[in-house]
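Reading through the structure tokens given below for one structure.
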Amino acid sequence: MIPLRDTIPRIGFPLIVIILIAINGIIFLYELSLPKDVLTSVLYLFGLVSERYSAPQWASAHGLSFDDYLSFFTNMFLHGGWLHIIGNMWFLYLFGSRVEDQMGHFRFLIFYVLAGISASVIYFLVDIHSTIPAFGASGAIAGVMGAFIVMFPRARILTLIPIFFFPLFVELSAFFFIGYWFIIQLLSGTLSFASHAASGGIAWWAHIGGFLVGIALVPFFRKKEHVYRRHFPDEKYKYFSHS
């Protein structure tokens, strides 16, 4: 399922979302410019390699510092291919713009970083001996999706469902769309315990952790008063939540 748009008009300009997309895009283009061996070194240095912190001897043998925790943050800005970054940035724009509206620019930035770092920590705790670099903005974006489902559970999302060669467009509730997404993450994360091959190279538990942390952080970052009624017709107001 591919989300195309939601029913929530924006009030302000999503400044932080645009800046985050630009930073991720610039870093990704820089990755593309690197020779393959250099890129591999960059991914091991700035990506999150669990074994680096759980086995200091392994880290030293591979030229990595086990007491440098910066990668819990920097891995959020690395991506492994065009589909990876385009998918992540589209989800960030679609859901993040609305969440930033309700939190404000500075609060949203802090929220995003906290969700991303928390997702990294949870991934590390679940897969503590992985020697494969984990990276991507999806943990932080999962936190944004968690916030979105709390703030706008009755919003509608126009969704593209490809059925063979035929595109099907349906309007789904945010609660159903994001809830379905989360169940997929949870089932896939549970199956990943059976074998690393079952994970498909995806850090499912970073998604799960980021999503749950995002939900938990909403009361601390959402503006106390954010009313949408004055901006939209009454018949559309049923799709919005407010505090």
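Identifiers in the structure tokens: chain A, B, ... in order shown; residue index from 1 per chain; ligand index from 1 in order shown.
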Pick out the residues sitting within 12 Å of Leu48 of chain A, and hand them over as JSON, numbers by chain; count only C-alpha atoms, and ignore anything fewer than 4 positions along from it in its own chain.
-> {"A": [42, 43, 44, 52, 53, 54, 64, 66, 68, 69, 70, 71, 72, 73, 74, 75, 76, 77, 78, 116, 117, 119, 120, 121, 122, 123, 124, 125, 127, 128, 129, 130, 131, 132, 133, 134, 135, 136, 203, 206]}
Would you write out those residues with C-alpha atoms, as a tab-separated table (two decimals), in the first residue's frame?
```tsv
chain	number	residue	atom	x	y	z
A	42	VAL	CA	31.47	4.97	5.93
A	43	LEU	CA	28.51	2.69	6.59
A	44	TYR	CA	30.43	0.76	9.25
A	52	ARG	CA	30.79	-2.64	17.93
A	53	TYR	CA	29.35	-1.85	21.35
A	54	SER	CA	28.70	-5.32	22.72
A	64	LEU	CA	36.05	0.92	15.24
A	66	PHE	CA	33.51	1.02	20.94
A	68	ASP	CA	31.93	6.45	20.45
A	69	TYR	CA	28.14	6.41	20.49
A	70	LEU	CA	27.61	8.96	17.71
A	71	SER	CA	26.42	6.26	15.32
A	72	PHE	CA	23.17	5.93	17.31
A	73	PHE	CA	22.43	9.35	15.79
A	74	THR	CA	24.29	9.42	12.48
A	75	ASN	CA	22.77	6.18	11.16
A	76	MET	CA	19.47	8.09	10.83
A	77	PHE	CA	20.87	10.03	7.86
A	78	LEU	CA	22.25	7.16	5.76
A	116	GLY	CA	15.34	8.12	15.99
A	117	ILE	CA	17.87	7.61	18.77
A	119	ALA	CA	14.71	3.38	17.73
A	120	SER	CA	18.47	2.83	17.42
A	121	VAL	CA	18.79	1.88	21.10
A	122	ILE	CA	15.90	-0.57	20.90
A	123	TYR	CA	17.32	-2.15	17.75
A	124	PHE	CA	20.69	-2.52	19.52
A	125	LEU	CA	19.13	-4.17	22.56
A	127	ASP	CA	20.00	-7.53	18.02
A	128	ILE	CA	22.98	-6.94	20.25
A	129	HIS	CA	25.49	-9.06	18.32
A	130	SER	CA	24.73	-8.00	14.75
A	131	THR	CA	27.80	-7.23	12.66
A	132	ILE	CA	25.76	-5.69	9.83
A	133	PRO	CA	25.42	-1.88	9.76
A	134	ALA	CA	21.86	-0.70	10.35
A	135	PHE	CA	20.95	2.69	8.96
A	136	GLY	CA	18.08	4.78	7.65
A	203	ALA	CA	15.65	-3.44	11.15
A	206	ALA	CA	13.87	-0.11	15.09
```
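Every protein or nucleic acid residue with an atom no more than 8 Å from Ile215 of chain A, counting only C-alpha atoms and leaving out same-chain residues fewer than 5 positions away, appears here: Gly143, Gly146, Ala147 and Val150 of chain A.
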Selection export as a compact mmCIF listing (two decimals), in the first residue's frame, atoms kept: N, CA and C atoms:
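Once written, result05.txt looks like this:
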```txt
# COMPACT_ATOMS: atom_id res chain seq x y z
N GLY A 143 8.42 6.88 14.51
CA GLY A 143 7.99 7.70 15.63
C GLY A 143 7.02 8.77 15.20
N GLY A 146 3.73 7.17 14.68
CA GLY A 146 3.09 6.94 15.96
C GLY A 146 2.40 8.19 16.47
N ALA A 147 3.07 9.34 16.32
CA ALA A 147 2.48 10.61 16.73
C ALA A 147 1.26 10.94 15.88
N VAL A 150 -1.93 9.13 16.87
CA VAL A 150 -2.50 9.67 18.10
C VAL A 150 -3.21 11.00 17.83
```
Can you list, as a list in words, every protein, DNA or RNA residue that comes within 6 Å of segment 218-223 of chain A when you count only C-alpha atoms, leaving out same-chain residues fewer than 6 positions away?
-> Gln102, Met103, Arg107 and Ala147 of chain A
Within 10 Å of Phe28 of chain A, counting only C-alpha atoms, which residues qualify if same-chain residues fewer than 5 places away don't, as JSON, numbers by chain?
-> {"A": [22, 23, 33, 77, 78, 79, 80, 81, 82, 85]}
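Candidate residues A:Arg156, A:His207, A:Arg98, A:Arg5 were compared for distance to Val17 of chain A, and the nearest is A:Arg98, using only C-alpha atoms.
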Counting only C-alpha atoms, closest pick from A:Ser97, A:Ser192, A:Gln185, A:Ser173 relative to Arg154 of chain A is A:Ser173
Name the residues of segment 14-201 of chain A that come out as strand (DSSP E or B) in a backbone DSSP run; write them as a ChimeraX atom specification.
-> /A:48,134,156-163,166-173
Output of the above residues as an mmCIF file, in the first residue's frame, restricted to C-alpha atoms:
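The new file selection-v7.cif reads:
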```cif
data_model
loop_
_atom_site.group_PDB
_atom_site.id
_atom_site.type_symbol
_atom_site.label_atom_id
_atom_site.label_comp_id
_atom_site.auth_asym_id
_atom_site.auth_seq_id
_atom_site.Cartn_x
_atom_site.Cartn_y
_atom_site.Cartn_z
ATOM 1 C CA LEU A 48 24.827 1.289 13.787
ATOM 2 C CA ALA A 134 21.860 -0.698 10.350
ATOM 3 C CA ARG A 156 -8.334 9.649 5.793
ATOM 4 C CA ILE A 157 -5.407 8.583 3.628
ATOM 5 C CA LEU A 158 -5.753 8.164 -0.121
ATOM 6 C CA THR A 159 -3.885 4.932 -0.794
ATOM 7 C CA LEU A 160 -2.667 3.229 -3.949
ATOM 8 C CA ILE A 161 -2.940 -0.547 -3.876
ATOM 9 C CA PRO A 162 -1.292 -2.133 -6.957
ATOM 10 C CA ILE A 163 -3.177 -5.260 -8.049
ATOM 11 C CA PHE A 166 -4.136 -2.356 -12.184
ATOM 12 C CA PRO A 167 -3.907 0.548 -9.698
ATOM 13 C CA LEU A 168 -6.638 0.603 -7.068
ATOM 14 C CA PHE A 169 -7.208 3.871 -5.229
ATOM 15 C CA VAL A 170 -8.932 3.649 -1.866
ATOM 16 C CA GLU A 171 -9.390 6.038 1.042
ATOM 17 C CA LEU A 172 -8.446 4.424 4.336
ATOM 18 C CA SER A 173 -8.588 5.752 7.869
#
```
Kindly indicate which residue among A:Leu34, A:Val126, A:Ile16, A:Ile8 lies nearest to Phe111 of chain A, using only C-alpha atoms for the distances.
-> A:Ile16
